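As structure tokens, the structure follows; a few thoughts come after it.
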Amino acid sequence: MGKTIRSAFPWGILALTVAAVAWAVSFGGLPPADFTMDNGTEVATVDPAKAEGNPERHVLDCLYEGLLRTEPLPGAKIDGPPNQNVPMHPAPAMAESYQVSEDGKTYTFKMRAGALWSDGSPVTADDFAWSWQRTLHPETGTRYGYQFFYIQGAEAYLAAEVKPGDPVEIELPDRRDPLQNFPRGTVLRGTLTAIEKPPEPQLAPDATKEEKEAQNRAWRSEWVYLAEVDGKPRKFCTLKSNKSAEQILNILPDFQKTVGIAAPNPQTFIVTLKEKTPYFPSLVAFYPLFAVNRKCVETHGDPDWTKPENIVTNGPFKLQFRRIRDRIRVVKNDRYWEADKVSLNVIDILALKSDTTALNMYLTDEIDWATSQPASLIPEIKARQGDEFRSAPMLTAYFYRVNTEKPGLEKKQVRQALNLAIDKQLICQFITQAGEVPAEVYVPPGLAGYANPPGPQRDPEKARQLLAAAGYPNGKGFPHVEILYNESPPTHKTIAEAIQQQWKQELNISAELRGLEWSSYLDAQNQQDYYVTRAGWIADYPDPNTFLDMWVTGGSQNHTGWSNKTYDKLIADAAQASDPQKRMELLQQAEAILLDELPILPIYHYVSKNLVKPRVQGFYPTAEDVHPLTHLKVGPRGMKAPATQEAP
Amino acid sequence: MKGSPWVTLGKFVGWRLARMTFTLWAVFSISFFLMRFAPGGPFASEKNIPEAQKRKIEERYQMDQPLWRQYFTHMGEALTGDFGICYRMPDFTVNQVIREGFPVSACLGIFALVIAVTVGTTAGVISAMNRNSPTDYGLMASATVGISAPSFVIAGLAIMLFVFMIPLFPAGGWGRLANVPLPALCLAAPYAAYVARLTRAGMLEVLSLDYIRTAYAKGLSPATVVLRHALKGGLLPVVSYLGPAAAGILTGSLVVERIFNIRGLGSHFVEAAIQRDYTLAMGMILVYTFLLYSFNLLVDLSYAVIDPRVKLE
């Protein structure tokens with residue numbers, strides 16, 4: 001037997017190879033898209049309730065549309081120089097108009113007549129009310145919950161905070177699928193009368209965070225809720241083992257009664273805010289507040305509803321297919337209310353993880369828009385590609401958080417000295433190289449109505465004096481300090497090295513470098529397990545508050561241990577202030593405190609870095625780096641010099 | 001039946017499968033705990049969320065359970081072959097990701113392997129035939145370069161040459177035949193080089209044997225001697241190298257996949273580990289372990305078939 005098999009072996013291998021090659025070659029190519037863009041990475045999800053991040057924004061802005069959308073200000077010139085931002089504003093979209101009440105707290109949106117979902121059904125106020133509730137449901141897992149916190153009751157709903165006397169909604173464990181929070185199980189509505197809590201467990205003083213959490217979780221699960229439902233008192237508990245109470249899945253504040261989101265009729269959507277929030281329309285135009293199709297979600301469940309064959313959306317484009325870590329292809333949605341103004345039919349959104357690859361593909365005409373470039377090549381790109389490289393200041397900040405609870409760093413003079421010793425100009429000129437703006441102040445300049453307080457200028461001599469005053473003349477006796485950064489992209493390391501060197505040279509402080517990959521870096525930062533750490537912030541909405549309110553005492557993004565009562569009060573007062581000018585002044589005072597106390601060291605403000613082919617028309621830089629694809633037109637491949645045009 | 005080749009084969013395969021099961025379990029367990037003890041988690045984010053919401057998410061993914069219980073839950077899932085939803089790409093299940101990525105990596109791997117074997121053996125045979133000639137030195141020098149140069153260097157050079165200087169191929173992407181040659185070549189280069197060296201050594205050994213002298217003495221042409229008689233023996237070391245090579249090509253495609261933006265398994269492997277996507281990472285690790293083991297088994301089997309001197313034991 002051996003011999004026959006043996007002689008057949010080479011032929012077998014050959015046949016196998018031929019078959020494999022034939023199979024490999026057999027998958028056909030794709031018809032080319034009208035417009036191809038790089039999106040930096042694979043998007044995590046196309047569910048606006050779960051997404052976070054900028055790549056997701058590119059895709060979600062194609063697929064969905066909120067009550068409002070970001071558009072150029074009417075009359076703004078959109079064919080200006082490639083480094084000049086076009087002013088944007090939130091313009092009517094799924095809502096054709098909206099009114100704000102006298103006190104600025106109630107927004108009444110009138111839904112657009114004729115706005116349709118991609119399955120042909122009308123987009124109604126109920127769609128938004130349901131979608132916002134879904135996003136706020138604690139099980140949905142939104143990362144952008146805080147974008148809703150301006151709305152009355154929204155924070156308590158997301159945090160599932162209930163106390164006796166509150167109207168509550170109680171979900172029974174009869175869901176169709178226990179892992180799907182929508183459609184929900186039977187929901188009982190009533191009033192919470194009391195919570196019976198067993199005695200809180202005493203923790204060993206050396207218990208770890210995990211042990212504490214586990215114990216707290218176990219304790220909470222034993223709570224028994226007494227509520228009046230339809231006039232009858234009933235007992236509920238999330239534990240099945242508690243035989244004296246009915247088992248429930250969730251107990252949440254009654255959404256209809258406590259949250260300021262209402263759809264009195266299909267054409268009217270009313271939002272009630274806690275405070276006057278001048279930038280609320282900008283939040284409405286941002287994807288966490290988009291709507292999803294209830295029927296689609298409830299029919300297919302999560303995550304199947306996001307599959308191209310199931311998904312129902314309301315944006316200018318529809319999802320055609322997704323290839324994981326390759327591309328998302330969207331095609332024009334003919335049911336979109338402004339479909340006649342959309343000129344692109346097929347768009348490919350590529351998940352190019354490597355910016356070098358993106359550049360190669362851009363240079364060989366494989367993509368029309370590259371969203372990131374290797375920092376080291378930017379001067380050459382600028383020189384070679386000229387106006388194709390469009391770059392303008394963004395509403396962002398690159399800064400270092402300082403752990404104000406570490407020895408040495410707890411002293412204000414030390415933080416000031418560290419700040420004054422950094423040569424930010426040099427970092428922007430020789431490391432980042434794309435025209436980034438050295439940051440003397442923290443809030444990026446260019447926000448309408450806001451004037452930054454004066455920021456400290458680089459002054460190594462003064463830095464040395466401050467350091468000496470703090471008790472470390474010429475860095476003598478300065479405690480251990482290290483700079484934490486995430487390793488990718490490598491620019492963070494280069495910047496950290498430059499700062500390390502400057503501190504050594506000017507202050508004789510030897511900082512160590514600690515590079516970590518993203519998850520570990522985030523973890524270290526969240527646990528406040530660092531000395532100085534690199535960070536960045538992108539405006540969630542065009543207002544100084546998005547940069548300033550994170551530094552209040554115990555703020556969820558603070559992570560520095562810094563606390564200042566005056567600062568907290570200024571931020572709170574600004575939120576209450578009804579006069580816009582007064583509000584900006586309060587925020588300016590707050591920033592002045594921040595720049596004096598320096599729990600963070602501002603380094604620079606990012607610029608947008610877009611490489612766009614000349615054949616693409618209607619592309620302009622914006623301060624938030626948003627670029628509505630509905631406005632783009634493309635000429636034939638290889639076309640030069642773009643034509644001029646006016647904003648609609 | 002004692003001594004029947006089928007019984008020996010059955011025993012051999014059975015024993016190897018048992019060992020593979022053990023290896024899979026060991027790999028699963030070690031990776032599981034390594035992942036869990038790494039700082040950060042799949043839901044780490046710059047944006048912090050309320051405690052109640054965090055608790056709900058952890059409950060949903062059973063991360064509130066004690067670690068040992070999670071371990072057994074996930075092992076149970078792995079046993080049924082359903083790895084669940086990717087924690088970091090909640091729109092997809094791990095099985096979907098593998099189903100989409102595997103054919104791409106496999107296709108790239110097959111091309112690379114074919115290139116490696118064809119180029120490698122040809123170069124090796126030519127070298128052996130022209131022993132100590134400039135051709136031999138040239139080929140073996142380039143083989144040394146091929147083995148030692150990392151794939152991102154080769155890829156960079158290939159892109160410069162064949163994308164920009166001589167625009168033959170696209171710079172990246174996957175789906176067209178034109179997308180295949182560059183990454184396959186870069187992936188194949190070190191293996192081709194190694195195969196060339198193995199072939200040369202194997203051929204030199206065989207060419208000095210008596211039966212080759214006999215063949216020449218019979219008056220056969222050098223081509224016939226090499227192709228019909230010497231090659232069979234000379235290629236044996238290459239066959240035994242194919243298992244590790246196939247496995248290495250599949251797992252080694254991470255860098256090449258990144259550079260050429262190919263949506264294969266390699267890119268998921270790295271991303272899953274970096275993003276702490278527990279389910280996806282476990283799925284990938286098990287798939288890779290399984291592939292590595294299977295290739296080695298196949299090669300050992302085929303070795304026994306083509307070389308009569310080898311006995312399965």
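Just remember, in the structure tokens the first chain shown is A, the second B, etc., residues are 1-based per chain, and ligands are 1-based in the order shown.
Any residue of chain A with an atom within 6 Å of chain B counts; using only C-alpha atoms, that gives Arg6, Ala24, Gly29, Ala44, Thr45, Pro138, Glu139, Ala159, Pro303, Arg325, Asp326, Asn360, Met361, Ser519, Ser520, Asp523 and Ser556 of chain A.
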Per-residue DSSP, region 126-294 of chain A, filtered to helix (DSSP H, G or I), as an mmCIF file with C-alpha atoms, in the first residue's frame:
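So result24.cif came out as:
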```cif
data_model
loop_
_atom_site.group_PDB
_atom_site.id
_atom_site.type_symbol
_atom_site.label_atom_id
_atom_site.label_comp_id
_atom_site.auth_asym_id
_atom_site.auth_seq_id
_atom_site.Cartn_x
_atom_site.Cartn_y
_atom_site.Cartn_z
ATOM 1 C CA ASP A 126 -41.504 58.407 19.368
ATOM 2 C CA ASP A 127 -38.463 57.040 17.567
ATOM 3 C CA PHE A 128 -36.276 59.581 19.321
ATOM 4 C CA ALA A 129 -37.964 59.174 22.699
ATOM 5 C CA TRP A 130 -37.562 55.401 22.528
ATOM 6 C CA SER A 131 -33.992 55.564 21.225
ATOM 7 C CA TRP A 132 -32.887 57.983 23.919
ATOM 8 C CA GLN A 133 -34.459 55.771 26.532
ATOM 9 C CA ARG A 134 -32.674 52.769 25.079
ATOM 10 C CA THR A 135 -29.362 54.625 25.170
ATOM 11 C CA LEU A 136 -29.957 55.670 28.768
ATOM 12 C CA GLY A 145 -24.284 58.971 28.920
ATOM 13 C CA TYR A 146 -22.941 62.292 30.131
ATOM 14 C CA GLN A 147 -24.103 63.927 26.913
ATOM 15 C CA ALA A 154 -31.427 61.387 32.661
ATOM 16 C CA GLU A 155 -28.484 60.874 34.998
ATOM 17 C CA ALA A 156 -30.622 59.193 37.660
ATOM 18 C CA TYR A 157 -32.153 56.901 35.044
ATOM 19 C CA LEU A 158 -28.759 55.803 33.705
ATOM 20 C CA LYS A 209 -11.005 47.054 44.975
ATOM 21 C CA GLU A 210 -12.405 43.897 43.369
ATOM 22 C CA GLU A 211 -13.368 42.418 46.737
ATOM 23 C CA LYS A 212 -15.072 45.645 47.731
ATOM 24 C CA GLU A 213 -16.982 45.741 44.474
ATOM 25 C CA ALA A 214 -18.056 42.120 44.762
ATOM 26 C CA GLN A 215 -19.237 42.632 48.310
ATOM 27 C CA ASN A 216 -21.088 45.809 47.426
ATOM 28 C CA ARG A 217 -22.707 44.065 44.491
ATOM 29 C CA ALA A 218 -23.831 41.127 46.626
ATOM 30 C CA TRP A 219 -25.188 43.485 49.252
ATOM 31 C CA ARG A 220 -27.134 45.556 46.723
ATOM 32 C CA SER A 221 -28.646 42.481 45.134
ATOM 33 C CA PHE A 255 -38.848 57.185 32.448
ATOM 34 C CA GLN A 256 -42.137 58.779 31.451
ATOM 35 C CA LYS A 257 -42.565 60.625 34.717
ATOM 36 C CA THR A 258 -39.032 61.553 35.721
ATOM 37 C CA PHE A 280 -27.532 71.804 23.759
ATOM 38 C CA PRO A 281 -28.299 72.019 20.001
ATOM 39 C CA SER A 282 -24.683 70.978 19.311
ATOM 40 C CA LEU A 283 -25.172 67.916 21.484
ATOM 41 C CA VAL A 284 -28.345 67.051 19.606
ATOM 42 C CA TYR A 287 -24.312 60.880 17.275
ATOM 43 C CA PRO A 288 -25.053 59.708 20.832
ATOM 44 C CA LEU A 289 -28.383 61.516 20.448
ATOM 45 C CA ARG A 294 -37.339 50.472 17.128
#
```
*Compile the contact shell of region 197-203 of chain A as JSON, numbers by chain: residues with an atom at most 7 Å away, counting only C-alpha atoms, same-chain residues fewer than 4 positions apart removed.*
{"A": [207, 219, 223, 224]}
Okay, now the selection with all heavy atoms, as a PDB file, in the first residue's frame?
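Listed below is the output, out.pdb:
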```
ATOM      1  N   ALA A 207      -8.990  45.021  52.058  1.00  0.00           N
ATOM      2  CA  ALA A 207      -9.712  44.433  50.930  1.00  0.00           C
ATOM      3  C   ALA A 207      -9.329  45.137  49.629  1.00  0.00           C
ATOM      4  O   ALA A 207      -9.134  46.356  49.606  1.00  0.00           O
ATOM      5  CB  ALA A 207     -11.210  44.546  51.161  1.00  0.00           C
ATOM      6  N   TRP A 219     -24.333  42.797  48.287  1.00  0.00           N
ATOM      7  CA  TRP A 219     -25.188  43.485  49.252  1.00  0.00           C
ATOM      8  C   TRP A 219     -26.370  44.159  48.535  1.00  0.00           C
ATOM      9  O   TRP A 219     -27.526  44.006  48.919  1.00  0.00           O
ATOM     10  CB  TRP A 219     -24.339  44.510  50.009  1.00  0.00           C
ATOM     11  CG  TRP A 219     -25.113  45.361  50.958  1.00  0.00           C
ATOM     12  CD1 TRP A 219     -25.855  44.940  52.016  1.00  0.00           C
ATOM     13  CD2 TRP A 219     -25.224  46.782  50.924  1.00  0.00           C
ATOM     14  NE1 TRP A 219     -26.415  46.004  52.656  1.00  0.00           N
ATOM     15  CE2 TRP A 219     -26.051  47.160  52.018  1.00  0.00           C
ATOM     16  CE3 TRP A 219     -24.695  47.787  50.094  1.00  0.00           C
ATOM     17  CZ2 TRP A 219     -26.364  48.493  52.282  1.00  0.00           C
ATOM     18  CZ3 TRP A 219     -25.011  49.107  50.376  1.00  0.00           C
ATOM     19  CH2 TRP A 219     -25.835  49.455  51.447  1.00  0.00           C
ATOM     20  N   TRP A 223     -31.186  43.861  48.347  1.00  0.00           N
ATOM     21  CA  TRP A 223     -32.166  44.891  48.696  1.00  0.00           C
ATOM     22  C   TRP A 223     -33.566  44.458  48.288  1.00  0.00           C
ATOM     23  O   TRP A 223     -33.758  43.911  47.200  1.00  0.00           O
ATOM     24  CB  TRP A 223     -31.839  46.220  47.989  1.00  0.00           C
ATOM     25  CG  TRP A 223     -30.591  46.877  48.499  1.00  0.00           C
ATOM     26  CD1 TRP A 223     -29.687  46.341  49.366  1.00  0.00           C
ATOM     27  CD2 TRP A 223     -30.116  48.167  48.154  1.00  0.00           C
ATOM     28  NE1 TRP A 223     -28.673  47.229  49.586  1.00  0.00           N
ATOM     29  CE2 TRP A 223     -28.905  48.363  48.855  1.00  0.00           C
ATOM     30  CE3 TRP A 223     -30.586  49.189  47.340  1.00  0.00           C
ATOM     31  CZ2 TRP A 223     -28.168  49.530  48.754  1.00  0.00           C
ATOM     32  CZ3 TRP A 223     -29.855  50.359  47.233  1.00  0.00           C
ATOM     33  CH2 TRP A 223     -28.650  50.523  47.936  1.00  0.00           C
ATOM     34  N   VAL A 224     -34.509  44.729  49.150  1.00  0.00           N
ATOM     35  CA  VAL A 224     -35.903  44.438  48.822  1.00  0.00           C
ATOM     36  C   VAL A 224     -36.627  45.772  48.642  1.00  0.00           C
ATOM     37  O   VAL A 224     -36.521  46.670  49.481  1.00  0.00           O
ATOM     38  CB  VAL A 224     -36.563  43.605  49.939  1.00  0.00           C
ATOM     39  CG1 VAL A 224     -38.045  43.410  49.649  1.00  0.00           C
ATOM     40  CG2 VAL A 224     -35.860  42.259  50.051  1.00  0.00           C
TER      41      VAL A 224
END
```
*Identify all residues of region 287-532 of chain A in strand (DSSP E) (DSSP on the backbone) and supply them as a PyMOL selection string.*
chain A and resi 317-323+327-332+346-350+369-370+389-390+396-402+437-438+481-486+511-516+532
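Take the candidates B:Val226, B:Val310, B:Ala201, B:Leu292 and check each one against Thr23 (chain B) using only C-alpha atoms; the shortest distance goes to B:Leu292.
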*asked:* Give me the residues near region 98-101 of chain A as a VMD selection string, where near means some atom within 12 Å (using only C-alpha atoms) and where sequence neighbours in that chain fewer than 3 positions away do not count.
replied: chain A and resid 67 to 68 90 to 95 104 to 112 267 to 273 275 to 278 280 to 281 284
_Measuring between only C-alpha atoms, which one of B:Ala215, B:Ala247, B:Arg36, B:Ser133 shows the shortest distance to Met63 (chain B)?_
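Of the candidates, the smallest distance to Met63 (chain B) is held by B:Arg36.
Between CA of Arg213 (chain B) and CA of Leu198 (chain B) the interatomic distance comes to 21.9 Å.
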*asked:* List as a PyMOL selection string the protein and nucleic acid residues near Asp119 (chain A), meaning an atom at most 10 Å away when only C-alpha atoms are counted, but skip any in the same chain fewer than 6 places from it.
replied: chain A and resi 293+296+310-314+335
_Which residue of A:Val331, A:Ala539, A:Val612, A:Leu586 approaches Tyr450 (chain A) most closely, using only C-alpha atoms_ =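 The shortest atom-to-atom distance to Tyr450 (chain A) comes from A:Leu586.
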Region 253-255 of chain B: which residues within 7 Å, counting only C-alpha atoms, same-chain residues fewer than 2 positions away excluded, as a PDB file with N, CA, C and O atoms, in the first residue's frame?
```
ATOM      1  N   PHE B 152       8.919  43.623   7.635  1.00  0.00           N
ATOM      2  CA  PHE B 152       8.513  45.004   7.325  1.00  0.00           C
ATOM      3  C   PHE B 152       9.550  45.725   6.479  1.00  0.00           C
ATOM      4  O   PHE B 152       9.217  46.621   5.705  1.00  0.00           O
ATOM      5  N   LEU B 187       5.774  37.743   2.589  1.00  0.00           N
ATOM      6  CA  LEU B 187       5.548  36.712   3.585  1.00  0.00           C
ATOM      7  C   LEU B 187       6.423  35.500   3.278  1.00  0.00           C
ATOM      8  O   LEU B 187       6.938  34.836   4.186  1.00  0.00           O
ATOM      9  N   ILE B 249       3.950  30.792   8.536  1.00  0.00           N
ATOM     10  CA  ILE B 249       3.407  31.728   7.550  1.00  0.00           C
ATOM     11  C   ILE B 249       2.056  32.225   8.010  1.00  0.00           C
ATOM     12  O   ILE B 249       1.745  33.412   7.924  1.00  0.00           O
ATOM     13  N   LEU B 250       1.243  31.329   8.551  1.00  0.00           N
ATOM     14  CA  LEU B 250      -0.083  31.748   9.012  1.00  0.00           C
ATOM     15  C   LEU B 250       0.014  32.713  10.192  1.00  0.00           C
ATOM     16  O   LEU B 250      -0.641  33.745  10.222  1.00  0.00           O
ATOM     17  N   THR B 251       0.848  32.350  11.155  1.00  0.00           N
ATOM     18  CA  THR B 251       0.926  33.215  12.327  1.00  0.00           C
ATOM     19  C   THR B 251       1.813  34.427  12.080  1.00  0.00           C
ATOM     20  O   THR B 251       1.655  35.450  12.717  1.00  0.00           O
ATOM     21  N   GLU B 257       0.062  41.680   7.112  1.00  0.00           N
ATOM     22  CA  GLU B 257      -1.350  42.050   7.001  1.00  0.00           C
ATOM     23  C   GLU B 257      -1.560  43.507   7.373  1.00  0.00           C
ATOM     24  O   GLU B 257      -2.363  44.206   6.770  1.00  0.00           O
ATOM     25  N   ARG B 258      -0.827  43.962   8.371  1.00  0.00           N
ATOM     26  CA  ARG B 258      -0.955  45.351   8.772  1.00  0.00           C
ATOM     27  C   ARG B 258      -0.450  46.284   7.672  1.00  0.00           C
ATOM     28  O   ARG B 258      -1.110  47.245   7.294  1.00  0.00           O
ATOM     29  N   ILE B 259       0.725  45.971   7.140  1.00  0.00           N
ATOM     30  CA  ILE B 259       1.333  46.858   6.153  1.00  0.00           C
ATOM     31  C   ILE B 259       0.476  46.939   4.888  1.00  0.00           C
ATOM     32  O   ILE B 259       0.279  48.008   4.325  1.00  0.00           O
ATOM     33  N   GLY B 266      -4.429  37.720  11.289  1.00  0.00           N
ATOM     34  CA  GLY B 266      -3.283  38.286  11.992  1.00  0.00           C
ATOM     35  C   GLY B 266      -3.612  39.591  12.672  1.00  0.00           C
ATOM     36  O   GLY B 266      -3.308  39.795  13.848  1.00  0.00           O
ATOM     37  N   SER B 267      -4.288  40.495  11.939  1.00  0.00           N
ATOM     38  CA  SER B 267      -4.584  41.804  12.511  1.00  0.00           C
ATOM     39  C   SER B 267      -5.513  41.664  13.712  1.00  0.00           C
ATOM     40  O   SER B 267      -5.364  42.389  14.702  1.00  0.00           O
TER      41      SER B 267
END
```
*Selected residue of minimal separation from Asn132 (chain B) among B:Leu242, B:Leu204, B:Leu24, B:Ile154, counting only C-alpha atoms*: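 Among the listed residues, B:Leu204 lies closest to Asn132 (chain B).
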*So what do you get for CA of Glu77 (chain B) versus CA of Ile328 (chain A), distance-wise?*
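Computed distance, CA of Glu77 (chain B) to CA of Ile328 (chain A), equals 29.6 Å.
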If we count only C-alpha atoms, what is near Met394 (chain A) at a cut-off of 8 Å, once residues fewer than 6 positions away on the same chain are taken out, given as a PDB file with C-alpha atoms, in the first residue's frame?
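And here is the file that came out, part.pdb:
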```
ATOM      1  CA  PRO A 444      -8.238  76.041  22.508  1.00  0.00           C
ATOM      2  CA  HIS A 605      -3.633  72.214  20.386  1.00  0.00           C
ATOM      3  CA  TYR A 606      -3.996  69.689  17.623  1.00  0.00           C
ATOM      4  CA  VAL A 607      -4.644  70.624  14.044  1.00  0.00           C
ATOM      5  CA  SER A 608      -6.741  68.622  11.609  1.00  0.00           C
ATOM      6  CA  THR A 622     -13.641  72.683  10.410  1.00  0.00           C
ATOM      7  CA  ALA A 623     -12.722  73.238  14.037  1.00  0.00           C
ATOM      8  CA  GLU A 624     -14.303  69.927  15.075  1.00  0.00           C
ATOM      9  CA  ASP A 625     -12.849  68.127  12.054  1.00  0.00           C
TER      10      ASP A 625
END
```
*Which is closest to Ser563 (chain A) among A:Gly53, A:Pro456, A:Pro599, A:Gly40, if we use only C-alpha atoms?*
A:Pro599
